[in-house]
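Structure below is work-v7.pdb: PDB, C-alpha atoms.
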ATOM      1  CA  MET A   1       0.000   0.000   0.000  1.00  0.00           C
ATOM      2  CA  PRO A   2       1.443   3.421  -0.921  1.00  0.00           C
ATOM      3  CA  THR A   3       2.280   5.828   1.885  1.00  0.00           C
ATOM      4  CA  PRO A   4      -0.405   8.523   2.263  1.00  0.00           C
ATOM      5  CA  THR A   5       0.794  11.952   1.217  1.00  0.00           C
ATOM      6  CA  LYS A   6      -2.006  13.977   2.809  1.00  0.00           C
ATOM      7  CA  ARG A   7      -2.639  14.295   6.522  1.00  0.00           C
ATOM      8  CA  THR A   8      -6.220  13.465   7.484  1.00  0.00           C
ATOM      9  CA  LEU A   9      -7.982  16.024   9.646  1.00  0.00           C
ATOM     10  CA  LEU A  10      -9.200  14.799  12.992  1.00  0.00           C
ATOM     11  CA  PRO A  11     -12.944  14.334  13.392  1.00  0.00           C
ATOM     12  CA  GLY A  12     -14.911  15.952  16.190  1.00  0.00           C
ATOM     13  CA  ASN A  13     -15.120  14.581  19.741  1.00  0.00           C
ATOM     14  CA  VAL A  14     -11.401  13.788  19.939  1.00  0.00           C
ATOM     15  CA  LEU A  15     -10.046  16.967  21.495  1.00  0.00           C
ATOM     16  CA  ILE A  16     -11.987  17.277  24.713  1.00  0.00           C
ATOM     17  CA  GLU A  17     -11.523  14.502  27.230  1.00  0.00           C
ATOM     18  CA  ASN A  18     -14.149  13.215  29.633  1.00  0.00           C
ATOM     19  CA  VAL A  19     -17.055  14.332  27.441  1.00  0.00           C
ATOM     20  CA  THR A  20     -19.569  11.506  27.513  1.00  0.00           C
ATOM     21  CA  GLY A  21     -23.126  10.963  26.386  1.00  0.00           C
ATOM     22  CA  ARG A  22     -24.838  11.329  23.067  1.00  0.00           C
ATOM     23  CA  PHE A  23     -24.187  15.030  22.444  1.00  0.00           C
ATOM     24  CA  PRO A  24     -21.503  15.929  19.893  1.00  0.00           C
ATOM     25  CA  GLU A  25     -18.743  18.508  19.807  1.00  0.00           C
ATOM     26  CA  ALA A  26     -19.109  21.686  17.733  1.00  0.00           C
ATOM     27  CA  GLY A  27     -16.306  23.356  15.807  1.00  0.00           C
ATOM     28  CA  THR A  28     -16.161  27.123  15.349  1.00  0.00           C
ATOM     29  CA  ASP A  29     -14.000  29.569  13.416  1.00  0.00           C
ATOM     30  CA  GLU A  30     -14.157  33.144  12.142  1.00  0.00           C
ATOM     31  CA  ALA A  31     -13.265  35.073   9.005  1.00  0.00           C
ATOM     32  CA  GLY A  32     -12.340  38.704   8.526  1.00  0.00           C
ATOM     33  CA  ARG A  33     -10.119  39.548  11.484  1.00  0.00           C
ATOM     34  CA  GLY A  34      -7.476  41.185   9.312  1.00  0.00           C
ATOM     35  CA  ALA A  35      -9.836  43.134   7.059  1.00  0.00           C
ATOM     36  CA  LEU A  36     -10.043  46.916   7.189  1.00  0.00           C
ATOM     37  CA  ALA A  37     -13.760  46.939   6.420  1.00  0.00           C
ATOM     38  CA  GLY A  38     -16.860  44.862   6.955  1.00  0.00           C
ATOM     39  CA  PRO A  39     -17.873  42.510   9.749  1.00  0.00           C
ATOM     40  CA  VAL A  40     -16.083  39.628  11.341  1.00  0.00           C
ATOM     41  CA  VAL A  41     -18.180  36.527  10.629  1.00  0.00           C
ATOM     42  CA  ALA A  42     -18.045  33.252  12.542  1.00  0.00           C
ATOM     43  CA  ALA A  43     -19.584  29.859  11.910  1.00  0.00           C
ATOM     44  CA  ALA A  44     -20.260  26.898  14.156  1.00  0.00           C
ATOM     45  CA  VAL A  45     -20.698  23.409  12.715  1.00  0.00           C
ATOM     46  CA  VAL A  46     -21.660  20.024  14.135  1.00  0.00           C
ATOM     47  CA  LEU A  47     -20.662  17.090  11.939  1.00  0.00           C
ATOM     48  CA  PRO A  48     -21.842  13.491  12.239  1.00  0.00           C
ATOM     49  CA  PRO A  49     -19.130  11.058  13.364  1.00  0.00           C
ATOM     50  CA  ALA A  50     -18.691   9.211  10.058  1.00  0.00           C
ATOM     51  CA  VAL A  51     -18.996  12.143   7.666  1.00  0.00           C
ATOM     52  CA  ARG A  52     -16.677  12.331   4.636  1.00  0.00           C
ATOM     53  CA  LEU A  53     -15.802  15.709   3.151  1.00  0.00           C
ATOM     54  CA  ASP A  54     -12.994  15.090   0.690  1.00  0.00           C
ATOM     55  CA  GLY A  55     -10.747  18.079   0.110  1.00  0.00           C
ATOM     56  CA  LEU A  56     -11.834  19.927   3.253  1.00  0.00           C
ATOM     57  CA  ARG A  57      -9.087  21.889   4.990  1.00  0.00           C
ATOM     58  CA  ASP A  58      -8.317  25.428   6.116  1.00  0.00           C
ATOM     59  CA  SER A  59     -10.448  27.687   3.898  1.00  0.00           C
ATOM     60  CA  LYS A  60      -7.489  29.967   3.186  1.00  0.00           C
ATOM     61  CA  LYS A  61      -5.820  27.091   1.328  1.00  0.00           C
ATOM     62  CA  LEU A  62      -8.803  26.509  -0.972  1.00  0.00           C
ATOM     63  CA  SER A  63      -9.907  28.321  -4.106  1.00  0.00           C
ATOM     64  CA  ALA A  64     -13.188  30.235  -4.111  1.00  0.00           C
ATOM     65  CA  ALA A  65     -14.794  27.533  -6.248  1.00  0.00           C
ATOM     66  CA  GLN A  66     -13.578  24.783  -3.910  1.00  0.00           C
ATOM     67  CA  ARG A  67     -14.938  26.641  -0.884  1.00  0.00           C
ATOM     68  CA  LEU A  68     -18.375  27.062  -2.421  1.00  0.00           C
ATOM     69  CA  SER A  69     -18.543  23.415  -3.459  1.00  0.00           C
ATOM     70  CA  LEU A  70     -17.542  22.307   0.030  1.00  0.00           C
ATOM     71  CA  ARG A  71     -20.014  24.705   1.633  1.00  0.00           C
ATOM     72  CA  ASP A  72     -22.904  22.974  -0.120  1.00  0.00           C
ATOM     73  CA  LYS A  73     -21.659  19.579   1.061  1.00  0.00           C
ATOM     74  CA  ILE A  74     -21.100  20.771   4.625  1.00  0.00           C
ATOM     75  CA  ILE A  75     -24.598  22.233   4.894  1.00  0.00           C
ATOM     76  CA  GLU A  76     -26.116  19.105   3.365  1.00  0.00           C
ATOM     77  CA  ARG A  77     -24.273  16.620   5.586  1.00  0.00           C
ATOM     78  CA  CYS A  78     -23.851  18.395   8.922  1.00  0.00           C
ATOM     79  CA  GLU A  79     -26.125  17.943  11.910  1.00  0.00           C
ATOM     80  CA  GLY A  80     -26.332  21.669  12.505  1.00  0.00           C
ATOM     81  CA  TRP A  81     -24.700  24.981  11.636  1.00  0.00           C
ATOM     82  CA  CYS A  82     -25.110  28.655  12.460  1.00  0.00           C
ATOM     83  CA  LEU A  83     -23.439  32.015  11.785  1.00  0.00           C
ATOM     84  CA  GLY A  84     -22.493  34.855  14.109  1.00  0.00           C
ATOM     85  CA  MET A  85     -21.458  38.348  13.063  1.00  0.00           C
ATOM     86  CA  VAL A  86     -20.056  41.514  14.623  1.00  0.00           C
ATOM     87  CA  GLY A  87     -19.928  44.728  12.593  1.00  0.00           C
ATOM     88  CA  ALA A  88     -17.288  47.449  12.338  1.00  0.00           C
ATOM     89  CA  PRO A  89     -18.696  49.806  15.024  1.00  0.00           C
ATOM     90  CA  GLU A  90     -18.649  47.050  17.657  1.00  0.00           C
ATOM     91  CA  ILE A  91     -15.190  45.910  16.512  1.00  0.00           C
ATOM     92  CA  ASP A  92     -13.980  49.469  17.083  1.00  0.00           C
ATOM     93  CA  ARG A  93     -15.644  49.587  20.490  1.00  0.00           C
ATOM     94  CA  VAL A  94     -14.391  46.305  21.965  1.00  0.00           C
ATOM     95  CA  ASN A  95     -11.378  45.369  19.709  1.00  0.00           C
ATOM     96  CA  ILE A  96     -11.153  42.641  17.095  1.00  0.00           C
ATOM     97  CA  LEU A  97     -10.236  39.792  19.453  1.00  0.00           C
ATOM     98  CA  ARG A  98     -13.286  40.313  21.655  1.00  0.00           C
ATOM     99  CA  ALA A  99     -15.456  40.824  18.585  1.00  0.00           C
ATOM    100  CA  SER A 100     -14.206  37.575  17.034  1.00  0.00           C
ATOM    101  CA  LEU A 101     -14.907  35.621  20.210  1.00  0.00           C
ATOM    102  CA  ALA A 102     -18.348  37.223  20.468  1.00  0.00           C
ATOM    103  CA  ALA A 103     -19.146  36.195  16.887  1.00  0.00           C
ATOM    104  CA  MET A 104     -18.042  32.607  17.586  1.00  0.00           C
ATOM    105  CA  ARG A 105     -20.112  32.461  20.733  1.00  0.00           C
ATOM    106  CA  GLU A 106     -23.150  33.820  18.862  1.00  0.00           C
ATOM    107  CA  ALA A 107     -22.720  31.124  16.226  1.00  0.00           C
ATOM    108  CA  VAL A 108     -22.446  28.341  18.811  1.00  0.00           C
ATOM    109  CA  GLU A 109     -25.406  29.617  20.820  1.00  0.00           C
ATOM    110  CA  GLY A 110     -27.500  29.690  17.658  1.00  0.00           C
ATOM    111  CA  LEU A 111     -27.009  25.994  16.848  1.00  0.00           C
ATOM    112  CA  ASN A 112     -30.231  24.013  16.661  1.00  0.00           C
ATOM    113  CA  VAL A 113     -28.571  20.922  18.137  1.00  0.00           C
ATOM    114  CA  ALA A 114     -27.286  20.415  21.677  1.00  0.00           C
ATOM    115  CA  VAL A 115     -23.518  20.043  22.035  1.00  0.00           C
ATOM    116  CA  ALA A 116     -21.368  18.685  24.835  1.00  0.00           C
ATOM    117  CA  ALA A 117     -18.324  20.810  24.073  1.00  0.00           C
ATOM    118  CA  VAL A 118     -16.813  23.252  21.590  1.00  0.00           C
ATOM    119  CA  ALA A 119     -13.487  23.314  19.746  1.00  0.00           C
ATOM    120  CA  ALA A 120     -12.574  26.874  18.694  1.00  0.00           C
ATOM    121  CA  ASP A 121      -9.841  27.888  16.280  1.00  0.00           C
ATOM    122  CA  GLY A 122      -6.998  29.763  17.988  1.00  0.00           C
ATOM    123  CA  LYS A 123      -5.609  29.932  21.504  1.00  0.00           C
ATOM    124  CA  PHE A 124      -8.302  32.196  22.972  1.00  0.00           C
ATOM    125  CA  VAL A 125     -11.755  30.988  23.981  1.00  0.00           C
ATOM    126  CA  PHE A 126     -15.095  32.494  24.973  1.00  0.00           C
ATOM    127  CA  ALA A 127     -17.298  31.876  27.993  1.00  0.00           C
ATOM    128  CA  PHE A 128     -19.927  29.227  27.397  1.00  0.00           C
ATOM    129  CA  ASP A 129     -21.971  26.815  29.494  1.00  0.00           C
ATOM    130  CA  LYS A 130     -20.093  23.835  28.007  1.00  0.00           C
ATOM    131  CA  PRO A 131     -16.329  23.200  27.828  1.00  0.00           C
ATOM    132  CA  VAL A 132     -14.542  25.235  25.141  1.00  0.00           C
ATOM    133  CA  VAL A 133     -11.030  24.340  23.988  1.00  0.00           C
ATOM    134  CA  GLY A 134      -8.854  26.548  21.798  1.00  0.00           C
ATOM    135  CA  VAL A 135      -6.953  24.750  19.043  1.00  0.00           C
ATOM    136  CA  VAL A 136      -4.100  26.677  17.438  1.00  0.00           C
ATOM    137  CA  LYS A 137      -4.321  26.237  13.658  1.00  0.00           C
ATOM    138  CA  GLY A 138      -7.449  24.209  14.315  1.00  0.00           C
ATOM    139  CA  ASP A 139      -8.798  24.898  10.830  1.00  0.00           C
ATOM    140  CA  ASP A 140      -5.907  22.818   9.495  1.00  0.00           C
ATOM    141  CA  LYS A 141      -6.185  20.073  12.127  1.00  0.00           C
ATOM    142  CA  CYS A 142      -9.828  19.356  12.869  1.00  0.00           C
ATOM    143  CA  LEU A 143     -12.609  18.579  10.434  1.00  0.00           C
ATOM    144  CA  HIS A 144     -15.381  20.456  12.194  1.00  0.00           C
ATOM    145  CA  ILE A 145     -13.255  23.594  12.644  1.00  0.00           C
ATOM    146  CA  ALA A 146     -12.243  23.438   8.969  1.00  0.00           C
ATOM    147  CA  ALA A 147     -15.924  23.162   8.049  1.00  0.00           C
ATOM    148  CA  ALA A 148     -16.699  26.225  10.151  1.00  0.00           C
ATOM    149  CA  SER A 149     -13.819  28.045   8.461  1.00  0.00           C
ATOM    150  CA  VAL A 150     -15.312  27.390   5.027  1.00  0.00           C
ATOM    151  CA  LEU A 151     -18.781  28.576   6.045  1.00  0.00           C
ATOM    152  CA  ALA A 152     -17.476  31.718   7.742  1.00  0.00           C
ATOM    153  CA  LYS A 153     -15.247  32.627   4.800  1.00  0.00           C
ATOM    154  CA  THR A 154     -17.808  32.045   2.040  1.00  0.00           C
ATOM    155  CA  PHE A 155     -20.665  33.856   3.754  1.00  0.00           C
ATOM    156  CA  ARG A 156     -18.430  36.803   4.655  1.00  0.00           C
ATOM    157  CA  ASP A 157     -17.200  37.003   1.059  1.00  0.00           C
ATOM    158  CA  GLU A 158     -20.806  37.259  -0.095  1.00  0.00           C
ATOM    159  CA  ILE A 159     -21.495  40.041   2.413  1.00  0.00           C
ATOM    160  CA  MET A 160     -18.510  42.013   1.107  1.00  0.00           C
ATOM    161  CA  THR A 161     -19.655  41.493  -2.486  1.00  0.00           C
ATOM    162  CA  LYS A 162     -23.035  42.962  -1.539  1.00  0.00           C
ATOM    163  CA  LEU A 163     -21.369  45.911   0.211  1.00  0.00           C
ATOM    164  CA  ASP A 164     -19.318  46.479  -2.938  1.00  0.00           C
ATOM    165  CA  GLU A 165     -22.571  47.357  -4.708  1.00  0.00           C
ATOM    166  CA  LEU A 166     -22.980  50.255  -2.257  1.00  0.00           C
ATOM    167  CA  TYR A 167     -19.329  51.333  -2.246  1.00  0.00           C
ATOM    168  CA  PRO A 168     -17.731  50.089  -5.478  1.00  0.00           C
ATOM    169  CA  GLN A 169     -14.836  52.553  -5.199  1.00  0.00           C
ATOM    170  CA  TYR A 170     -13.081  50.354  -2.617  1.00  0.00           C
ATOM    171  CA  GLY A 171     -12.991  47.165  -4.692  1.00  0.00           C
ATOM    172  CA  TRP A 172     -14.506  44.977  -1.991  1.00  0.00           C
ATOM    173  CA  ARG A 173     -15.759  42.475  -4.541  1.00  0.00           C
ATOM    174  CA  GLU A 174     -12.118  41.571  -5.153  1.00  0.00           C
ATOM    175  CA  ASN A 175     -10.292  42.402  -1.912  1.00  0.00           C
ATOM    176  CA  LYS A 176     -13.134  41.544   0.516  1.00  0.00           C
ATOM    177  CA  GLY A 177     -12.101  44.478   2.696  1.00  0.00           C
ATOM    178  CA  TYR A 178      -8.495  43.394   3.204  1.00  0.00           C
ATOM    179  CA  PRO A 179      -5.616  45.910   2.940  1.00  0.00           C
ATOM    180  CA  THR A 180      -4.540  45.424  -0.652  1.00  0.00           C
ATOM    181  CA  ALA A 181      -2.626  48.185  -2.424  1.00  0.00           C
ATOM    182  CA  ALA A 182      -5.744  49.091  -4.418  1.00  0.00           C
ATOM    183  CA  HIS A 183      -7.869  49.278  -1.258  1.00  0.00           C
ATOM    184  CA  LEU A 184      -5.348  51.527   0.498  1.00  0.00           C
ATOM    185  CA  GLU A 185      -5.165  53.759  -2.549  1.00  0.00           C
ATOM    186  CA  ALA A 186      -8.956  54.003  -2.614  1.00  0.00           C
ATOM    187  CA  LEU A 187      -8.935  55.005   1.051  1.00  0.00           C
ATOM    188  CA  CYS A 188      -6.533  57.845   0.283  1.00  0.00           C
ATOM    189  CA  ARG A 189      -8.701  58.966  -2.618  1.00  0.00           C
ATOM    190  CA  HIS A 190     -12.212  58.565  -1.175  1.00  0.00           C
ATOM    191  CA  GLY A 191     -11.792  58.516   2.591  1.00  0.00           C
ATOM    192  CA  LEU A 192     -13.670  56.205   4.937  1.00  0.00           C
ATOM    193  CA  SER A 193     -16.985  54.460   4.446  1.00  0.00           C
ATOM    194  CA  PRO A 194     -19.381  53.618   7.294  1.00  0.00           C
ATOM    195  CA  PHE A 195     -18.123  50.028   7.112  1.00  0.00           C
ATOM    196  CA  HIS A 196     -14.436  50.763   7.703  1.00  0.00           C
ATOM    197  CA  ARG A 197     -12.888  49.881  11.054  1.00  0.00           C
ATOM    198  CA  ARG A 198     -11.672  53.154  12.461  1.00  0.00           C
ATOM    199  CA  SER A 199      -9.657  51.479  15.209  1.00  0.00           C
ATOM    200  CA  TYR A 200      -7.349  49.977  12.552  1.00  0.00           C
ATOM    201  CA  LYS A 201      -4.330  52.189  11.882  1.00  0.00           C
ATOM    202  CA  PRO A 202      -4.824  52.519   8.071  1.00  0.00           C
ATOM    203  CA  CYS A 203      -8.398  53.691   8.775  1.00  0.00           C
ATOM    204  CA  SER A 204      -7.654  56.195  11.530  1.00  0.00           C
ATOM    205  CA  PRO A 205      -9.947  59.209  11.002  1.00  0.00           C
ATOM    206  CA  THR A 206      -7.009  61.516  11.763  1.00  0.00           C
ATOM    207  CA  LEU A 207      -5.488  60.420   8.445  1.00  0.00           C
ATOM    208  CA  PHE A 208      -8.503  61.503   6.417  1.00  0.00           C
ATOM    209  CA  GLY A 209      -9.837  64.685   7.987  1.00  0.00           C
ATOM    210  CA  ALA A 210     -13.047  65.782   6.324  1.00  0.00           C
ATOM    211  CA  LYS A 211     -13.099  62.783   3.966  1.00  0.00           C
ATOM    212  CA  GLU A 212     -14.603  60.513   6.611  1.00  0.00           C
TER     213      GLU A 212
END

As structure tokens, what does this structure read like?
Amino acid sequence: MPTPTKRTLLPGNVLIENVTGRFPEAGTDEAGRGALAGPVVAAAVVLPPAVRLDGLRDSKKLSAAQRLSLRDKIIERCEGWCLGMVGAPEIDRVNILRASLAAMREAVEGLNVAVAAVAADGKFVFAFDKPVVGVVKGDDKCLHIAAASVLAKTFRDEIMTKLDELYPQYGWRENKGYPTAAHLEALCRHGLSPFHRRSYKPCSPTLFGAKE
């Protein structure tokens, strides 16, 4: 038998010890932390134990077409999923880390299935009435976190494409709010939109004066 060349992601219910009973473990991840504009969006996903999702891994390592194809399969085969979202004003008020954790918690709390525990991407966790474990690079290690990564990324991309219809000068359809050279140039030319994160240095209102 040939040696496998791809590492298989771990399924759910393997990270948190001493979790017993019939309730599964949810995976959660967010998208949009590094963007200059738009919300941070999180997803929570509960997968059945024997699910197969070939090609699933960290959403950042997939093409847009691959992500959309996998999203359909995840939604079709999962036991439950939900989104959470925090917009730019709240990100500015509480900071992006707290906003990201709040979005993940909102997604988990919105699940229509009971869970025994939660595996969250990253080293920081949120308060919840069930155990929550942070998994560094979890979207590249655990199937249910990778599934959440795909849902969060694809739905956020669609939000930014819709916002591009309102503010086409920033190129959000292409850059999704991230600090590309074209986006930064557009900021210098047009100033800030209501969806820019003013707590981020490139979007500081002091840089734009009356153009805000």

May I have the protein, DNA and RNA residues with any atom at most 10 Å from the point (-17.7, 54.1, -3.1), counting all atoms listed in the file, written as a list in words?
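Returned residue set, sorted by chain then number, is Leu163, Asp164, Glu165, Leu166, Tyr167, Pro168, Gln169, Tyr170, Gly171, Trp172, Ala186, Leu187, His190, Gly191, Leu192 and Ser193 of chain A.
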
Output C-alpha atoms of each residue in that selection to a file, as a CSV table (one decimal), in the frame of the given file.
chain,number,residue,atom,x,y,z
A,163,LEU,CA,-21.4,45.9,0.2
A,164,ASP,CA,-19.3,46.5,-2.9
A,165,GLU,CA,-22.6,47.4,-4.7
A,166,LEU,CA,-23.0,50.3,-2.3
A,167,TYR,CA,-19.3,51.3,-2.2
A,168,PRO,CA,-17.7,50.1,-5.5
A,169,GLN,CA,-14.8,52.6,-5.2
A,170,TYR,CA,-13.1,50.4,-2.6
A,171,GLY,CA,-13.0,47.2,-4.7
A,172,TRP,CA,-14.5,45.0,-2.0
A,186,ALA,CA,-9.0,54.0,-2.6
A,187,LEU,CA,-8.9,55.0,1.1
A,190,HIS,CA,-12.2,58.6,-1.2
A,191,GLY,CA,-11.8,58.5,2.6
A,192,LEU,CA,-13.7,56.2,4.9
A,193,SER,CA,-17.0,54.5,4.4

Have a look at CA of Phe124 (chain A) and CA of Asp92 (chain A) and let me know their distance in Å, one decimal.
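Between CA of Phe124 (chain A) and CA of Asp92 (chain A) the gap works out to 19.1 Å.
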
Leaving out Asp72 (chain A) and any residue of its chain fewer than 5 positions from it, which residues lie within 12 Å of it when counting all atoms listed in the file, given as a PDB file with C-alpha atoms, keeping the file's coordinate frame?
ATOM      1  CA  LEU A  53     -15.802  15.709   3.151  1.00  0.00           C
ATOM      2  CA  LEU A  56     -11.834  19.927   3.253  1.00  0.00           C
ATOM      3  CA  ALA A  65     -14.794  27.533  -6.248  1.00  0.00           C
ATOM      4  CA  GLN A  66     -13.578  24.783  -3.910  1.00  0.00           C
ATOM      5  CA  ARG A  67     -14.938  26.641  -0.884  1.00  0.00           C
ATOM      6  CA  ARG A  77     -24.273  16.620   5.586  1.00  0.00           C
ATOM      7  CA  CYS A  78     -23.851  18.395   8.922  1.00  0.00           C
ATOM      8  CA  ALA A 147     -15.924  23.162   8.049  1.00  0.00           C
ATOM      9  CA  VAL A 150     -15.312  27.390   5.027  1.00  0.00           C
ATOM     10  CA  LEU A 151     -18.781  28.576   6.045  1.00  0.00           C
ATOM     11  CA  THR A 154     -17.808  32.045   2.040  1.00  0.00           C
ATOM     12  CA  PHE A 155     -20.665  33.856   3.754  1.00  0.00           C
TER      13      PHE A 155
END

Among the residues A:Pro89, A:Pro49, A:Gly34, A:Gly27, the one that comes closest to Arg198 (chain A) [using all atoms listed in the file]
A:Pro89

I'd like to see the residues matched by the PyMOL selection byres ((chain A and resi 35) around 7) on this file, and ideally I'd get them as a ChimeraX atom specification.
/A:32-34,36-37,177-179

Name the residues in contact with Gly134 (chain A) at a cut-off of 10 Å, using only C-alpha atoms, excluding same-chain residues fewer than 4 positions from it; report them as a list in words.
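Contacts, with the query itself left out: Leu15, Thr28, Val118, Ala119, Ala120, Asp121, Gly122, Lys123, Phe124, Val125, Phe126 and Gly138 of chain A.
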
Nearest to Gly84 (chain A): which of A:Asp157, A:Asp54, A:Asp29, A:Asp139 is it, counting all atoms listed in the file?
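Among A:Asp157, A:Asp54, A:Asp29, A:Asp139, it is A:Asp29 that comes nearest to Gly84 (chain A).
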
Region 97-111 of chain A: axis-aligned bounding box, 4 Å on each side, centre and edge lengths in Å, one decimal, as AutoDock Vina command-line options:
--center_x -18.9 --center_y 33.4 --center_z 18.9 --size_x 25.3 --size_y 22.8 --size_z 13.4

Apply the PyMOL selection byres ((chain A and resi 117) around 7) to the file shown and report the selected residues as a PyMOL selection string.
chain A and resi 25-26+115-116+118-119+130-132

Can you work out the spacing between CA of Ala107 (chain A) and CA of Ala146 (chain A) in Å, to one decimal?
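That distance, rounded to one decimal, is 14.9 Å.
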